[in-house]
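A quick write-up on the structure given underneath.
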Amino acid sequence: NAVTAPLSRFVHWLLYGLLALQVGLGFVLRWFQGEAFSFFGLFEIPQLLASNRGLEHTVENFHNLAAWALIYLAGGHALMALAHRYVFKDDVLKRMLIGAGRTG
């Protein structure tokens, strides 16, 4: 597929990019709130940025926007995988499954 292959690669990398952005914004948001970042009580990353209430709200807005973009993109990705299986009746969903291996 000359059209769907580049599009699927783009969406794939966009999902990873949004995940990384979401994590990064989460760290920055926590630090702007004036708190360290704790990983389930196992270990802590100290506050690396000065507390800043003005930037906190801006970062929080971007964090929320990235979260919604990720939700919509992941939902669309899942719907297209199901469309490939049940509408287009091709093997795209089968190739996406873990351990299915890649062809071509």
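Quick note on naming: the chains in the structure tokens go A, B, ... in the order shown, residues restart at 1 in each chain, and ligands are numbered from 1 in order of appearance.
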
Can you list, as JSON, numbers by chain, every protein, DNA or RNA residue that comes within 12 Å of Ala67 of chain A when you count only C-alpha atoms, leaving out same-chain residues fewer than 6 positions away? {"A": [15, 17, 18, 19, 20, 21, 22, 23, 25, 26, 60, 61, 73, 74]}

All heavy atoms of the current selection, written as a short mmCIF file (atom, residue, chain, number, x, y, z; two decimals), in the first residue's frame:
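Everything below was put into part.cif:
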```
data_model
loop_
_atom_site.label_atom_id
_atom_site.label_comp_id
_atom_site.auth_asym_id
_atom_site.auth_seq_id
_atom_site.Cartn_x
_atom_site.Cartn_y
_atom_site.Cartn_z
N LEU A 15 2.28 8.48 17.91
CA LEU A 15 1.86 7.89 19.19
C LEU A 15 3.03 7.86 20.17
O LEU A 15 2.90 8.24 21.33
CB LEU A 15 1.30 6.48 18.99
CG LEU A 15 -0.12 6.39 18.47
CD1 LEU A 15 -0.44 4.97 18.00
CD2 LEU A 15 -1.12 6.82 19.53
N GLY A 17 5.73 9.72 20.06
CA GLY A 17 6.08 11.10 20.37
C GLY A 17 5.16 11.70 21.40
O GLY A 17 5.61 12.39 22.33
N LEU A 18 3.86 11.46 21.26
CA LEU A 18 2.90 11.98 22.23
C LEU A 18 3.10 11.35 23.61
O LEU A 18 2.95 12.02 24.63
CB LEU A 18 1.47 11.76 21.75
CG LEU A 18 0.97 12.74 20.70
CD1 LEU A 18 -0.37 12.28 20.12
CD2 LEU A 18 0.83 14.13 21.28
N LEU A 19 3.43 10.06 23.64
CA LEU A 19 3.71 9.41 24.92
C LEU A 19 4.91 10.05 25.60
O LEU A 19 4.88 10.33 26.81
CB LEU A 19 3.96 7.91 24.72
CG LEU A 19 2.73 7.05 24.54
CD1 LEU A 19 3.13 5.64 24.11
CD2 LEU A 19 1.92 6.98 25.82
N ALA A 20 5.98 10.28 24.85
CA ALA A 20 7.18 10.89 25.42
C ALA A 20 6.88 12.32 25.88
O ALA A 20 7.32 12.74 26.96
CB ALA A 20 8.31 10.88 24.39
N LEU A 21 6.13 13.07 25.06
CA LEU A 21 5.76 14.43 25.43
C LEU A 21 4.94 14.44 26.70
O LEU A 21 5.16 15.27 27.59
CB LEU A 21 4.97 15.08 24.29
CG LEU A 21 4.48 16.51 24.53
CD1 LEU A 21 5.67 17.46 24.64
CD2 LEU A 21 3.54 16.93 23.41
N GLN A 22 4.01 13.51 26.82
CA GLN A 22 3.14 13.43 27.99
C GLN A 22 3.96 13.18 29.25
O GLN A 22 3.73 13.81 30.28
CB GLN A 22 2.10 12.32 27.78
CG GLN A 22 1.03 12.27 28.79
CD GLN A 22 0.09 13.47 28.75
OE1 GLN A 22 0.29 14.43 28.05
NE2 GLN A 22 -0.93 13.41 29.55
N VAL A 23 4.90 12.28 29.17
CA VAL A 23 5.76 11.98 30.33
C VAL A 23 6.60 13.20 30.69
O VAL A 23 6.69 13.59 31.87
CB VAL A 23 6.66 10.76 30.05
CG1 VAL A 23 7.72 10.60 31.12
CG2 VAL A 23 5.82 9.50 29.94
N LEU A 25 6.07 16.39 30.01
CA LEU A 25 5.22 17.45 30.55
C LEU A 25 4.78 17.12 31.98
O LEU A 25 4.64 18.01 32.81
CB LEU A 25 4.00 17.68 29.66
CG LEU A 25 4.27 18.36 28.33
CD1 LEU A 25 3.02 18.35 27.46
CD2 LEU A 25 4.76 19.78 28.53
N GLY A 26 4.58 15.84 32.26
CA GLY A 26 4.20 15.43 33.61
C GLY A 26 5.29 15.75 34.62
O GLY A 26 5.01 16.24 35.72
N GLU A 60 0.22 22.63 32.40
CA GLU A 60 -0.93 21.76 32.65
C GLU A 60 -1.87 21.75 31.45
O GLU A 60 -2.39 20.69 31.08
CB GLU A 60 -1.67 22.23 33.90
CG GLU A 60 -2.82 21.32 34.29
CD GLU A 60 -3.46 21.73 35.60
OE1 GLU A 60 -3.37 22.93 35.98
OE2 GLU A 60 -4.05 20.86 36.23
N ASN A 61 -2.08 22.89 30.82
CA ASN A 61 -2.93 22.94 29.63
C ASN A 61 -2.34 22.11 28.49
O ASN A 61 -3.07 21.38 27.82
CB ASN A 61 -3.14 24.39 29.18
CG ASN A 61 -4.07 25.14 30.10
OD1 ASN A 61 -4.90 24.55 30.79
ND2 ASN A 61 -3.94 26.46 30.13
N LEU A 73 -6.00 9.74 19.10
CA LEU A 73 -5.16 9.06 18.12
C LEU A 73 -5.12 7.55 18.38
O LEU A 73 -5.23 6.76 17.44
CB LEU A 73 -3.75 9.64 18.16
CG LEU A 73 -2.82 9.20 17.05
CD1 LEU A 73 -3.34 9.64 15.69
CD2 LEU A 73 -1.43 9.78 17.28
N ALA A 74 -5.01 7.15 19.64
CA ALA A 74 -5.01 5.72 19.97
C ALA A 74 -6.36 5.09 19.63
O ALA A 74 -6.42 3.96 19.12
CB ALA A 74 -4.67 5.51 21.44
#
```

Would you give me, as a ChimeraX atom specification, the residues in chain A that DSSP reads as strand (DSSP E or B)? /A:37-39,43-45

May I have the residues from that selection written out with N, CA, C and O atoms, as a JSON list (two decimals), in the first residue's frame?
```json
[["chain", "number", "residue", "atom", "x", "y", "z"],
["A", 37, "PHE", "N", 9.24, 14.21, 42.18],
["A", 37, "PHE", "CA", 8.47, 13.20, 41.44],
["A", 37, "PHE", "C", 8.75, 11.84, 42.05],
["A", 37, "PHE", "O", 9.88, 11.36, 42.02],
["A", 38, "SER", "N", 7.74, 11.21, 42.62],
["A", 38, "SER", "CA", 7.90, 9.92, 43.28],
["A", 38, "SER", "C", 7.36, 8.81, 42.38],
["A", 38, "SER", "O", 6.28, 8.93, 41.82],
["A", 39, "PHE", "N", 8.13, 7.73, 42.26],
["A", 39, "PHE", "CA", 7.70, 6.56, 41.50],
["A", 39, "PHE", "C", 7.16, 5.50, 42.45],
["A", 39, "PHE", "O", 7.89, 4.63, 42.91],
["A", 43, "PHE", "N", 11.35, 5.21, 44.49],
["A", 43, "PHE", "CA", 12.43, 6.19, 44.48],
["A", 43, "PHE", "C", 11.85, 7.53, 44.05],
["A", 43, "PHE", "O", 10.72, 7.61, 43.58],
["A", 44, "GLU", "N", 12.64, 8.56, 44.22],
["A", 44, "GLU", "CA", 12.17, 9.91, 43.97],
["A", 44, "GLU", "C", 13.16, 10.68, 43.12],
["A", 44, "GLU", "O", 14.36, 10.53, 43.28],
["A", 45, "ILE", "N", 12.65, 11.47, 42.19],
["A", 45, "ILE", "CA", 13.47, 12.41, 41.44],
["A", 45, "ILE", "C", 13.21, 13.78, 42.05],
["A", 45, "ILE", "O", 12.08, 14.24, 42.09]]
```

Selected residue of minimal separation from Leu55 of chain A among A:Arg9, A:Lys89, A:Arg30, A:Lys94, counting only C-alpha atoms: A:Arg30

Suppose you want the space between atom CA of Trp68 of chain A and atom CA of Leu14 of chain A; what is it in Å? 13.4 Å

In Å, with one decimal, what is the gap from atom CA of Gln47 of chain A to atom CA of Ile71 of chain A? 28.4 Å

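Nearest-residue note for Leu82 of chain A: choosing from A:Phe62, A:Thr4, A:Met96, A:Asn52, the minimum distance belongs to A:Met96, counting only C-alpha atoms.
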